[in-house]
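Reproduced below: run-v4.csv, with CSV, C-alpha atoms.
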chain,number,residue,atom,x,y,z
M,1,MET,CA,0.0,0.0,0.0
M,2,LEU,CA,1.3,3.5,-0.9
M,3,VAL,CA,0.5,6.5,1.3
M,4,THR,CA,1.2,9.9,-0.2
M,5,GLY,CA,1.8,12.7,2.4
M,6,ALA,CA,2.8,9.9,4.7
M,7,ALA,CA,4.9,12.1,6.9
M,8,GLY,CA,2.2,14.7,7.5
M,9,PHE,CA,-0.2,15.1,10.4
M,10,LEU,CA,-2.8,12.5,9.3
M,11,GLY,CA,-0.2,10.3,7.6
M,12,SER,CA,2.0,10.0,10.7
M,13,HIS,CA,-1.1,8.5,12.5
M,14,LEU,CA,-2.4,6.4,9.6
M,15,VAL,CA,0.9,4.6,8.7
M,16,PRO,CA,1.3,3.0,12.2
M,17,ARG,CA,-2.3,1.8,11.9
M,18,LEU,CA,-1.7,0.2,8.6
M,19,ILE,CA,1.6,-1.4,9.7
M,20,GLY,CA,-0.1,-2.7,12.8
M,21,ALA,CA,-2.8,-4.3,10.6
M,22,GLY,CA,-0.1,-6.2,8.7
M,23,ALA,CA,0.2,-3.9,5.6
M,24,ASP,CA,3.4,-3.4,3.7
M,25,VAL,CA,3.5,0.4,3.5
M,26,CYS,CA,5.4,2.5,1.0
M,27,ALA,CA,5.6,6.0,2.3
M,28,LEU,CA,5.9,9.0,0.0
M,29,ASP,CA,6.4,12.6,1.0
M,30,GLN,CA,8.6,15.6,0.4
M,31,PRO,CA,12.3,15.1,1.3
M,32,ARG,CA,12.0,17.6,4.2
M,33,ALA,CA,8.8,16.4,5.6
M,34,GLN,CA,8.8,16.5,9.4
M,35,HIS,CA,7.9,12.9,10.5
M,36,TRP,CA,10.3,10.8,8.3
M,37,PRO,CA,12.4,9.6,11.3
M,38,GLU,CA,9.4,8.3,13.2
M,39,LEU,CA,8.0,6.5,10.1
M,40,GLU,CA,11.3,4.8,9.3
M,41,ARG,CA,11.5,3.6,12.9
M,42,LEU,CA,8.1,2.0,12.5
M,43,GLY,CA,9.3,-0.2,9.7
M,44,VAL,CA,7.8,1.1,6.5
M,45,ALA,CA,8.6,-1.2,3.6
M,46,THR,CA,9.8,1.5,1.3
M,47,ALA,CA,10.3,5.3,1.6
M,48,VAL,CA,10.1,7.5,-1.5
M,49,ARG,CA,11.2,11.1,-0.9
M,50,ALA,CA,9.6,13.0,-3.7
M,51,ASP,CA,6.9,15.4,-4.7
M,52,VAL,CA,3.7,13.5,-5.4
M,53,ARG,CA,3.6,15.0,-8.9
M,54,ALA,CA,6.6,12.8,-9.7
M,55,LEU,CA,4.1,9.8,-9.9
M,56,ALA,CA,2.9,11.1,-13.2
M,57,GLN,CA,5.9,9.4,-14.8
M,58,PRO,CA,6.8,5.8,-14.3
M,59,ALA,CA,10.2,6.5,-12.7
M,60,HIS,CA,9.1,5.0,-9.3
M,61,ASP,CA,7.0,2.2,-10.7
M,62,ALA,CA,9.7,-0.5,-10.1
M,63,VAL,CA,9.7,0.5,-6.4
M,64,LEU,CA,5.9,0.5,-6.3
M,65,ALA,CA,5.4,-2.9,-8.0
M,66,GLY,CA,2.7,-4.9,-6.3
M,67,ILE,CA,1.0,-1.9,-4.7
M,68,SER,CA,-2.8,-2.6,-4.6
M,69,SER,CA,-4.0,0.7,-3.0
M,70,ILE,CA,-2.9,4.3,-2.9
M,71,ILE,CA,-4.1,6.5,0.0
M,72,HIS,CA,-3.6,10.0,-1.3
M,73,LEU,CA,-3.1,12.4,1.6
M,74,ALA,CA,-0.5,14.7,0.0
M,75,ALA,CA,-2.0,18.3,-0.2
M,76,VAL,CA,-0.9,21.9,-0.4
M,77,GLY,CA,-2.5,24.7,1.5
M,78,VAL,CA,-4.0,22.9,4.5
M,79,VAL,CA,-2.1,25.4,6.6
M,80,PRO,CA,-2.5,28.5,4.5
M,81,GLU,CA,0.2,30.8,5.8
M,82,GLN,CA,2.3,32.2,2.9
M,83,ILE,CA,1.1,29.7,0.4
M,84,ASP,CA,0.9,30.9,-3.2
M,85,ILE,CA,-2.5,30.2,-4.7
M,86,ARG,CA,-0.9,28.8,-7.8
M,87,ASP,CA,0.9,26.2,-5.7
M,88,VAL,CA,-2.3,25.3,-4.0
M,89,VAL,CA,-4.0,24.6,-7.4
M,90,HIS,CA,-1.0,22.8,-9.0
M,91,GLY,CA,-0.1,20.8,-5.9
M,92,ASN,CA,-3.6,19.5,-5.3
M,93,VAL,CA,-4.9,19.1,-8.9
M,94,ASP,CA,-1.7,18.0,-10.6
M,95,GLY,CA,-0.8,15.9,-7.6
M,96,THR,CA,-4.1,14.0,-7.8
M,97,LEU,CA,-3.8,13.5,-11.5
M,98,ALA,CA,-0.3,12.0,-11.0
M,99,VAL,CA,-1.7,9.6,-8.4
M,100,LEU,CA,-4.5,8.5,-10.7
M,101,MET,CA,-2.1,7.9,-13.6
M,102,ALA,CA,0.2,5.8,-11.3
M,103,ALA,CA,-2.8,3.9,-10.0
M,104,GLN,CA,-3.9,3.1,-13.5
M,105,ARG,CA,-0.4,1.8,-14.4
M,106,LEU,CA,-0.3,-0.3,-11.2
M,107,GLY,CA,-3.9,-1.5,-11.2
M,108,ALA,CA,-4.4,0.0,-7.7
M,109,ARG,CA,-7.4,1.5,-5.8
M,110,VAL,CA,-7.2,5.2,-4.9
M,111,ILE,CA,-8.5,6.5,-1.6
M,112,TYR,CA,-8.7,10.3,-2.1
M,113,CYS,CA,-8.5,12.6,0.9
M,114,GLY,CA,-10.7,15.5,0.2
M,115,SER,CA,-11.8,18.2,2.7
M,116,CYS,CA,-14.8,19.6,4.4
M,117,PHE,CA,-13.8,22.9,2.8
M,118,GLU,CA,-15.2,21.6,-0.4
M,119,TYR,CA,-18.7,22.3,1.0
M,120,GLY,CA,-18.4,25.8,2.2
M,121,ALA,CA,-20.3,27.1,5.2
M,122,GLY,CA,-23.3,25.1,6.5
M,123,ALA,CA,-24.5,22.6,9.1
M,124,GLY,CA,-25.0,18.8,8.6
M,125,TRP,CA,-23.6,18.6,5.1
M,126,THR,CA,-24.3,15.3,3.3
M,127,GLU,CA,-22.1,13.9,0.6
M,128,ASP,CA,-24.7,14.5,-2.1
M,129,ALA,CA,-24.4,18.3,-1.7
M,130,LEU,CA,-22.8,20.1,-4.6
M,131,PRO,CA,-19.4,21.7,-3.7
M,132,ALA,CA,-19.5,25.4,-2.9
M,133,PRO,CA,-16.1,26.2,-1.6
M,134,ALA,CA,-15.2,29.7,-0.3
M,135,THR,CA,-11.4,29.2,-0.5
M,136,GLU,CA,-9.0,28.3,-3.2
M,137,TYR,CA,-7.9,25.3,-1.1
M,138,GLY,CA,-11.4,24.1,-0.9
M,139,ALA,CA,-11.9,24.6,-4.7
M,140,ALA,CA,-8.6,22.8,-5.5
M,141,LYS,CA,-9.7,19.8,-3.3
M,142,ALA,CA,-13.1,19.8,-5.0
M,143,ALA,CA,-11.4,19.9,-8.4
M,144,GLY,CA,-9.3,16.9,-7.3
M,145,TRP,CA,-12.4,15.0,-6.2
M,146,LEU,CA,-14.2,15.7,-9.5
M,147,LEU,CA,-11.1,14.7,-11.4
M,148,ALA,CA,-10.7,11.4,-9.5
M,149,HIS,CA,-14.2,10.3,-10.0
M,150,ALA,CA,-14.3,11.3,-13.7
M,151,PHE,CA,-11.0,9.4,-14.3
M,152,ALA,CA,-12.6,6.4,-12.5
M,153,ARG,CA,-15.7,6.5,-14.7
M,154,ARG,CA,-13.6,6.6,-17.9
M,155,THR,CA,-11.0,4.0,-16.9
M,156,GLY,CA,-12.8,1.7,-14.4
M,157,LEU,CA,-10.3,2.6,-11.7
M,158,GLU,CA,-11.5,2.0,-8.2
M,159,VAL,CA,-11.8,5.3,-6.3
M,160,VAL,CA,-13.1,6.1,-2.8
M,161,SER,CA,-13.2,9.7,-1.4
M,162,LEU,CA,-13.2,10.7,2.2
M,163,ARG,CA,-13.8,14.3,3.4
M,164,PRO,CA,-12.3,14.8,6.9
M,165,PHE,CA,-13.7,17.7,8.9
M,166,THR,CA,-11.6,19.5,11.5
M,167,MET,CA,-9.0,17.0,12.6
M,168,TYR,CA,-7.0,17.6,15.8
M,169,GLY,CA,-4.6,15.6,18.0
M,170,PRO,CA,-0.9,15.0,18.7
M,171,GLY,CA,1.4,16.3,16.1
M,172,GLU,CA,-1.0,18.8,14.6
M,173,PRO,CA,0.8,21.7,12.9
M,174,PRO,CA,1.6,24.4,15.5
M,175,SER,CA,-0.2,27.3,13.9
M,176,ARG,CA,-3.6,25.6,13.9
M,177,LEU,CA,-6.3,26.3,16.6
M,178,VAL,CA,-6.0,23.4,19.0
M,179,PRO,CA,-2.1,23.4,19.3
M,180,SER,CA,-2.0,27.1,19.4
M,181,VAL,CA,-4.5,27.3,22.3
M,182,VAL,CA,-3.0,24.3,24.2
M,183,ARG,CA,0.6,25.7,23.9
M,184,ARG,CA,-0.5,29.1,25.3
M,185,ALA,CA,-2.6,27.5,28.0
M,186,LEU,CA,0.3,25.4,29.2
M,187,ALA,CA,2.6,28.4,29.2
M,188,GLY,CA,0.1,30.5,31.1
M,189,GLY,CA,0.2,33.2,28.4
M,190,ALA,CA,-2.7,35.3,27.1
M,191,ILE,CA,-4.5,33.8,24.2
M,192,ASP,CA,-5.6,36.2,21.4
M,193,LEU,CA,-8.6,34.9,19.5
M,194,THR,CA,-11.4,35.8,17.1
M,195,PRO,CA,-14.8,36.4,18.7
M,196,GLY,CA,-15.0,32.6,18.7
M,197,ASP,CA,-18.6,32.1,17.5
M,198,GLN,CA,-17.6,29.9,14.5
M,199,ALA,CA,-18.6,26.3,15.0
M,200,ARG,CA,-16.6,23.3,13.7
M,201,ASP,CA,-17.0,19.5,13.6
M,202,PHE,CA,-13.9,18.3,15.4
M,203,VAL,CA,-12.7,14.7,14.8
M,204,TYR,CA,-9.8,13.1,16.6
M,205,VAL,CA,-7.0,12.2,14.2
M,206,GLU,CA,-6.8,8.6,15.2
M,207,ASP,CA,-10.5,8.2,14.5
M,208,ALA,CA,-9.9,9.7,11.1
M,209,ALA,CA,-7.1,7.3,10.4
M,210,ASP,CA,-9.5,4.4,11.1
M,211,ALA,CA,-11.8,5.7,8.5
M,212,PHE,CA,-9.1,5.5,5.9
M,213,VAL,CA,-8.3,1.9,6.9
M,214,ALA,CA,-12.0,1.1,6.4
M,215,ALA,CA,-12.1,2.8,3.0
M,216,ALA,CA,-9.1,0.9,1.8
M,217,THR,CA,-10.7,-2.5,2.5
M,218,SER,CA,-14.4,-2.0,1.8
M,219,HIS,CA,-15.8,-3.3,-1.5
M,220,GLU,CA,-19.1,-1.4,-1.0
M,221,ALA,CA,-17.2,1.9,-0.7
M,222,VAL,CA,-15.9,2.0,-4.3
M,223,GLY,CA,-17.2,5.0,-6.2
M,224,GLY,CA,-18.5,6.6,-3.0
M,225,THR,CA,-17.7,9.8,-1.0
M,226,PHE,CA,-17.8,9.7,2.8
M,227,ASN,CA,-17.7,12.4,5.5
M,228,VAL,CA,-15.3,11.8,8.4
M,229,CYS,CA,-16.9,13.8,11.2
M,230,THR,CA,-18.9,13.5,14.4
M,231,GLY,CA,-22.0,15.5,13.4
M,232,GLU,CA,-21.6,17.4,16.6
M,233,PRO,CA,-20.2,20.9,16.1
M,234,ILE,CA,-18.8,23.0,18.9
M,235,THR,CA,-17.9,26.7,18.9
M,236,VAL,CA,-14.3,27.8,19.1
M,237,ARG,CA,-15.3,29.7,22.3
M,238,ASP,CA,-16.5,26.5,23.9
M,239,LEU,CA,-13.5,24.5,22.8
M,240,VAL,CA,-11.1,27.1,24.2
M,241,ARG,CA,-12.9,27.0,27.5
M,242,GLN,CA,-12.6,23.2,27.6
M,243,VAL,CA,-8.9,23.4,27.0
M,244,LEU,CA,-8.4,26.0,29.7
M,245,ALA,CA,-10.4,23.8,32.1
M,246,ALA,CA,-8.5,20.6,31.2
M,247,THR,CA,-5.1,22.2,31.6
M,248,GLY,CA,-6.0,24.1,34.8
M,249,SER,CA,-4.6,27.1,33.1
M,250,ALA,CA,-4.8,30.7,34.4
M,251,SER,CA,-4.4,32.0,30.9
M,252,VAL,CA,-6.9,34.7,29.7
M,253,ALA,CA,-8.7,34.0,26.5
M,254,ARG,CA,-9.1,37.4,24.8
M,255,PHE,CA,-12.0,36.7,22.5
M,256,GLY,CA,-12.3,39.4,19.8
M,257,ALA,CA,-8.7,40.4,19.9
M,258,LEU,CA,-8.3,39.1,16.4
M,259,PRO,CA,-10.7,39.6,13.4
M,260,TYR,CA,-12.4,36.7,11.6
M,261,ARG,CA,-10.6,35.7,8.4
M,262,PRO,CA,-12.3,37.1,5.2
M,263,THR,CA,-13.6,33.6,4.2
M,264,GLU,CA,-14.4,32.5,7.8
M,265,ALA,CA,-17.4,30.1,7.9
M,266,LEU,CA,-19.4,30.6,11.0
M,267,MET,CA,-20.7,27.0,10.8
M,268,LEU,CA,-19.2,23.9,9.2
M,269,SER,CA,-20.3,20.5,10.2
M,270,GLY,CA,-21.2,17.2,8.5
M,271,ASP,CA,-23.5,14.2,8.6
M,272,PRO,CA,-21.6,10.9,9.3
M,273,SER,CA,-24.5,8.6,8.7
M,274,ARG,CA,-23.5,7.3,5.3
M,275,THR,CA,-20.0,6.6,6.5
M,276,ALA,CA,-21.4,4.6,9.4
M,277,ARG,CA,-23.8,2.7,7.2
M,278,VAL,CA,-21.3,1.8,4.4
M,279,LEU,CA,-17.9,1.7,6.1
M,280,GLY,CA,-19.1,0.8,9.6
M,281,TRP,CA,-17.2,3.8,10.9
M,282,ARG,CA,-18.1,6.2,13.7
M,283,ALA,CA,-15.9,8.5,15.7
M,284,ARG,CA,-15.1,6.8,19.0
M,285,VAL,CA,-13.1,9.4,20.8
M,286,SER,CA,-15.1,12.2,22.4
M,287,LEU,CA,-13.9,15.7,22.3
M,288,GLU,CA,-13.2,15.7,26.0
M,289,GLU,CA,-11.1,12.5,25.7
M,290,GLY,CA,-9.3,13.7,22.5
M,291,LEU,CA,-8.4,17.0,24.1
M,292,GLY,CA,-7.1,15.2,27.1
M,293,ARG,CA,-4.9,12.9,25.0
M,294,THR,CA,-3.7,15.9,23.0
M,295,ILE,CA,-2.8,18.0,26.1
M,296,ALA,CA,-1.0,15.0,27.6
M,297,TRP,CA,1.1,14.6,24.4
M,298,PHE,CA,2.0,18.3,24.5
M,299,ARG,CA,3.1,18.0,28.1
M,300,ASP,CA,5.2,14.8,27.5
M,301,VAL,CA,6.4,15.2,23.9
M,302,GLY,CA,5.4,18.4,22.2
M,303,ALA,CA,6.9,20.8,24.8
M,304,ALA,CA,10.4,19.5,23.8
M,305,LEU,CA,10.0,19.9,20.1
M,306,PRO,CA,11.4,23.2,18.6
M,307,GLU,CA,8.4,23.7,16.2
M,308,TYR,CA,6.1,24.0,19.3
M,309,GLN,CA,8.2,26.6,21.2
M,310,LEU,CA,6.6,29.9,21.8
M,311,ALA,CA,8.6,33.0,20.9
M,312,ASP,CA,7.1,34.8,24.0
M,313,ALA,CA,5.2,32.4,26.3
M,314,THR,CA,4.0,35.2,28.6
M,315,ARG,CA,2.5,37.6,26.0
Mind converting the file's structure to structure tokens?
Amino acid sequence: MLVTGAAGFLGSHLVPRLIGAGADVCALDQPRAQHWPELERLGVATAVRADVRALAQPAHDAVLAGISSIIHLAAVGVVPEQIDIRDVVHGNVDGTLAVLMAAQRLGARVIYCGSCFEYGAGAGWTEDALPAPATEYGAAKAAGWLLAHAFARRTGLEVVSLRPFTMYGPGEPPSRLVPSVVRRALAGGAIDLTPGDQARDFVYVEDAADAFVAAATSHEAVGGTFNVCTGEPITVRDLVRQVLAATGSASVARFGALPYRPTEALMLSGDPSRTARVLGWRARVSLEEGLGRTIAWFRDVGAALPEYQLADATR
């Protein structure tokens, strides 16, 4: 099995799941991706340090011989800071096309990792809704989804698409909401935030990894699109209060100190019922438990990692 973006946030949780289930995993990611050392210690069968777009050509086919499934996690723009829009479009659309071309040559199934941002703002989105993204990242992921399923209809390639909602957990990129708040709370510093009324459907990263394992092995899933979510949105304000309570922090949450982003969706949640019915998957980790695990990881592991250090922990 090939996992693209294997050394990213979701990939670094999914690959151990696959290896533990007995899969021979080939991991592909950028040469400078963060989690390569951990993945190699886990015992991946093969490591390919390359841009996913390199799969458009057969240069790596000899290494990939025998691959029966490709889980395509590699993406550009998930963390939007200083990302050129052209890179977002080329990385996501051209990267998906390269995966599809490789899968056709190898005779492999593709599990496409989409995004809740394909939908745009709204509550309880079902997979039959037409995409209405408000960001270039969401549009690029929707374009990749359309491309994957059109390619499948033309060629007979097996494609399954998953749309994770707001994933969180150990190892999440430091600029995202949960790690930002946890780091400040543990340091005791003030936490500058938007007004906090936006609601999100938070799903623990290990639960999300289980959904991809299910999609890789289900015959009934082929051709389908499935939300990876809880169906239970919570506001940013309430999530921050939970973190402060769980850490016992004296930090002050300064709601309204920052403006909403221009494309901020005040509500974004999904309906997980199709995923439960077809894949037999439901989120098992409650938000309270997931935040507890994440906080414990930051105390035991993350606090020592340079990427999670605060420039000014008391500000």
Might you pull out every residue within 8 Å of Ala132 (chain M), with only C-alpha atoms counted and same-chain residues fewer than 5 positions away left off, and present them as a list in words? Glu118, Tyr119, Gly120 and Ala139 of chain M
Measure the distance from CA of Asp192 (chain M) to CA of Asp238 (chain M) in Å and round it to one decimal. 14.8 Å
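In terms of minimum interatomic distance to Pro195 (chain M), M:Ala253 ranks closest within M:Val159, M:Ala214, M:Ala134, M:Ala253, counting only C-alpha atoms.
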If we count only C-alpha atoms, what is near Leu244 (chain M) at a cut-off of 10 Å, once residues fewer than 4 positions away on the same chain are taken out, given as a list in words?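 Using only C-alpha atoms, the neighbours found are Val181, Val182, Arg184, Ala185, Leu186, Gly188, Asp238, Leu239, Val240, Gly248, Ser249, Ala250, Ser251, Val252 and Ala253 of chain M.
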With distances taken over all atoms listed in the file, which of M:Ala7, M:Leu157, M:Val228, M:Leu64 is nearest to Gly114 (chain M)? M:Val228
Which protein, DNA or RNA residues have an atom at most 6 Å from (1.8, 14.0, 3.9), counting all atoms listed in the file? List them as a PyMOL selection string. chain M and resi 4-8+11+29+73-74
Put region 42-155 of chain M into a file with C-alpha atoms, as a PDB file, in the first residue's frame.
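result_21.pdb, freshly written:
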ATOM      1  CA  LEU M  42       8.068   2.030  12.489  1.00  0.00           C
ATOM      2  CA  GLY M  43       9.345  -0.151   9.679  1.00  0.00           C
ATOM      3  CA  VAL M  44       7.813   1.138   6.451  1.00  0.00           C
ATOM      4  CA  ALA M  45       8.586  -1.243   3.594  1.00  0.00           C
ATOM      5  CA  THR M  46       9.796   1.549   1.311  1.00  0.00           C
ATOM      6  CA  ALA M  47      10.320   5.293   1.612  1.00  0.00           C
ATOM      7  CA  VAL M  48      10.082   7.522  -1.459  1.00  0.00           C
ATOM      8  CA  ARG M  49      11.242  11.080  -0.858  1.00  0.00           C
ATOM      9  CA  ALA M  50       9.623  12.957  -3.721  1.00  0.00           C
ATOM     10  CA  ASP M  51       6.904  15.403  -4.675  1.00  0.00           C
ATOM     11  CA  VAL M  52       3.701  13.482  -5.358  1.00  0.00           C
ATOM     12  CA  ARG M  53       3.590  14.951  -8.868  1.00  0.00           C
ATOM     13  CA  ALA M  54       6.587  12.751  -9.721  1.00  0.00           C
ATOM     14  CA  LEU M  55       4.137   9.827  -9.892  1.00  0.00           C
ATOM     15  CA  ALA M  56       2.862  11.119 -13.243  1.00  0.00           C
ATOM     16  CA  GLN M  57       5.890   9.448 -14.798  1.00  0.00           C
ATOM     17  CA  PRO M  58       6.827   5.763 -14.274  1.00  0.00           C
ATOM     18  CA  ALA M  59      10.204   6.547 -12.676  1.00  0.00           C
ATOM     19  CA  HIS M  60       9.123   5.016  -9.336  1.00  0.00           C
ATOM     20  CA  ASP M  61       7.021   2.165 -10.717  1.00  0.00           C
ATOM     21  CA  ALA M  62       9.667  -0.465 -10.061  1.00  0.00           C
ATOM     22  CA  VAL M  63       9.667   0.463  -6.366  1.00  0.00           C
ATOM     23  CA  LEU M  64       5.857   0.491  -6.310  1.00  0.00           C
ATOM     24  CA  ALA M  65       5.372  -2.862  -8.039  1.00  0.00           C
ATOM     25  CA  GLY M  66       2.699  -4.878  -6.286  1.00  0.00           C
ATOM     26  CA  ILE M  67       0.952  -1.856  -4.745  1.00  0.00           C
ATOM     27  CA  SER M  68      -2.794  -2.551  -4.640  1.00  0.00           C
ATOM     28  CA  SER M  69      -4.013   0.666  -2.970  1.00  0.00           C
ATOM     29  CA  ILE M  70      -2.907   4.300  -2.875  1.00  0.00           C
ATOM     30  CA  ILE M  71      -4.111   6.482  -0.006  1.00  0.00           C
ATOM     31  CA  HIS M  72      -3.636   9.988  -1.332  1.00  0.00           C
ATOM     32  CA  LEU M  73      -3.132  12.396   1.587  1.00  0.00           C
ATOM     33  CA  ALA M  74      -0.545  14.728   0.028  1.00  0.00           C
ATOM     34  CA  ALA M  75      -1.952  18.256  -0.185  1.00  0.00           C
ATOM     35  CA  VAL M  76      -0.880  21.884  -0.445  1.00  0.00           C
ATOM     36  CA  GLY M  77      -2.543  24.693   1.498  1.00  0.00           C
ATOM     37  CA  VAL M  78      -3.978  22.857   4.501  1.00  0.00           C
ATOM     38  CA  VAL M  79      -2.061  25.366   6.617  1.00  0.00           C
ATOM     39  CA  PRO M  80      -2.546  28.485   4.465  1.00  0.00           C
ATOM     40  CA  GLU M  81       0.175  30.807   5.750  1.00  0.00           C
ATOM     41  CA  GLN M  82       2.265  32.249   2.916  1.00  0.00           C
ATOM     42  CA  ILE M  83       1.101  29.686   0.353  1.00  0.00           C
ATOM     43  CA  ASP M  84       0.886  30.901  -3.236  1.00  0.00           C
ATOM     44  CA  ILE M  85      -2.544  30.183  -4.741  1.00  0.00           C
ATOM     45  CA  ARG M  86      -0.867  28.753  -7.842  1.00  0.00           C
ATOM     46  CA  ASP M  87       0.949  26.222  -5.667  1.00  0.00           C
ATOM     47  CA  VAL M  88      -2.341  25.273  -4.012  1.00  0.00           C
ATOM     48  CA  VAL M  89      -3.982  24.581  -7.371  1.00  0.00           C
ATOM     49  CA  HIS M  90      -1.028  22.829  -9.005  1.00  0.00           C
ATOM     50  CA  GLY M  91      -0.116  20.806  -5.928  1.00  0.00           C
ATOM     51  CA  ASN M  92      -3.629  19.504  -5.326  1.00  0.00           C
ATOM     52  CA  VAL M  93      -4.941  19.073  -8.863  1.00  0.00           C
ATOM     53  CA  ASP M  94      -1.733  17.993 -10.631  1.00  0.00           C
ATOM     54  CA  GLY M  95      -0.796  15.865  -7.626  1.00  0.00           C
ATOM     55  CA  THR M  96      -4.126  14.044  -7.793  1.00  0.00           C
ATOM     56  CA  LEU M  97      -3.798  13.490 -11.530  1.00  0.00           C
ATOM     57  CA  ALA M  98      -0.319  12.015 -10.996  1.00  0.00           C
ATOM     58  CA  VAL M  99      -1.716   9.596  -8.393  1.00  0.00           C
ATOM     59  CA  LEU M 100      -4.516   8.547 -10.735  1.00  0.00           C
ATOM     60  CA  MET M 101      -2.079   7.919 -13.578  1.00  0.00           C
ATOM     61  CA  ALA M 102       0.160   5.845 -11.327  1.00  0.00           C
ATOM     62  CA  ALA M 103      -2.819   3.880 -10.007  1.00  0.00           C
ATOM     63  CA  GLN M 104      -3.917   3.061 -13.547  1.00  0.00           C
ATOM     64  CA  ARG M 105      -0.449   1.767 -14.422  1.00  0.00           C
ATOM     65  CA  LEU M 106      -0.270  -0.272 -11.199  1.00  0.00           C
ATOM     66  CA  GLY M 107      -3.878  -1.489 -11.156  1.00  0.00           C
ATOM     67  CA  ALA M 108      -4.379   0.037  -7.691  1.00  0.00           C
ATOM     68  CA  ARG M 109      -7.373   1.465  -5.848  1.00  0.00           C
ATOM     69  CA  VAL M 110      -7.202   5.172  -4.915  1.00  0.00           C
ATOM     70  CA  ILE M 111      -8.515   6.502  -1.615  1.00  0.00           C
ATOM     71  CA  TYR M 112      -8.712  10.255  -2.134  1.00  0.00           C
ATOM     72  CA  CYS M 113      -8.462  12.551   0.887  1.00  0.00           C
ATOM     73  CA  GLY M 114     -10.743  15.489   0.220  1.00  0.00           C
ATOM     74  CA  SER M 115     -11.767  18.210   2.655  1.00  0.00           C
ATOM     75  CA  CYS M 116     -14.793  19.615   4.441  1.00  0.00           C
ATOM     76  CA  PHE M 117     -13.844  22.927   2.813  1.00  0.00           C
ATOM     77  CA  GLU M 118     -15.225  21.553  -0.448  1.00  0.00           C
ATOM     78  CA  TYR M 119     -18.693  22.268   0.976  1.00  0.00           C
ATOM     79  CA  GLY M 120     -18.423  25.842   2.167  1.00  0.00           C
ATOM     80  CA  ALA M 121     -20.345  27.099   5.201  1.00  0.00           C
ATOM     81  CA  GLY M 122     -23.281  25.096   6.508  1.00  0.00           C
ATOM     82  CA  ALA M 123     -24.503  22.561   9.052  1.00  0.00           C
ATOM     83  CA  GLY M 124     -24.976  18.822   8.637  1.00  0.00           C
ATOM     84  CA  TRP M 125     -23.583  18.598   5.123  1.00  0.00           C
ATOM     85  CA  THR M 126     -24.303  15.324   3.329  1.00  0.00           C
ATOM     86  CA  GLU M 127     -22.084  13.923   0.613  1.00  0.00           C
ATOM     87  CA  ASP M 128     -24.732  14.502  -2.095  1.00  0.00           C
ATOM     88  CA  ALA M 129     -24.431  18.291  -1.730  1.00  0.00           C
ATOM     89  CA  LEU M 130     -22.776  20.100  -4.604  1.00  0.00           C
ATOM     90  CA  PRO M 131     -19.407  21.658  -3.698  1.00  0.00           C
ATOM     91  CA  ALA M 132     -19.549  25.371  -2.902  1.00  0.00           C
ATOM     92  CA  PRO M 133     -16.078  26.183  -1.553  1.00  0.00           C
ATOM     93  CA  ALA M 134     -15.228  29.665  -0.297  1.00  0.00           C
ATOM     94  CA  THR M 135     -11.436  29.238  -0.496  1.00  0.00           C
ATOM     95  CA  GLU M 136      -8.974  28.321  -3.214  1.00  0.00           C
ATOM     96  CA  TYR M 137      -7.870  25.342  -1.118  1.00  0.00           C
ATOM     97  CA  GLY M 138     -11.441  24.054  -0.940  1.00  0.00           C
ATOM     98  CA  ALA M 139     -11.867  24.634  -4.656  1.00  0.00           C
ATOM     99  CA  ALA M 140      -8.645  22.769  -5.464  1.00  0.00           C
ATOM    100  CA  LYS M 141      -9.708  19.816  -3.301  1.00  0.00           C
ATOM    101  CA  ALA M 142     -13.137  19.790  -4.971  1.00  0.00           C
ATOM    102  CA  ALA M 143     -11.420  19.858  -8.366  1.00  0.00           C
ATOM    103  CA  GLY M 144      -9.292  16.884  -7.324  1.00  0.00           C
ATOM    104  CA  TRP M 145     -12.439  15.042  -6.216  1.00  0.00           C
ATOM    105  CA  LEU M 146     -14.184  15.706  -9.543  1.00  0.00           C
ATOM    106  CA  LEU M 147     -11.075  14.662 -11.438  1.00  0.00           C
ATOM    107  CA  ALA M 148     -10.667  11.428  -9.477  1.00  0.00           C
ATOM    108  CA  HIS M 149     -14.232  10.270 -10.047  1.00  0.00           C
ATOM    109  CA  ALA M 150     -14.295  11.341 -13.708  1.00  0.00           C
ATOM    110  CA  PHE M 151     -11.048   9.423 -14.258  1.00  0.00           C
ATOM    111  CA  ALA M 152     -12.614   6.411 -12.548  1.00  0.00           C
ATOM    112  CA  ARG M 153     -15.725   6.513 -14.739  1.00  0.00           C
ATOM    113  CA  ARG M 154     -13.600   6.616 -17.885  1.00  0.00           C
ATOM    114  CA  THR M 155     -11.029   3.987 -16.928  1.00  0.00           C
TER     115      THR M 155
END
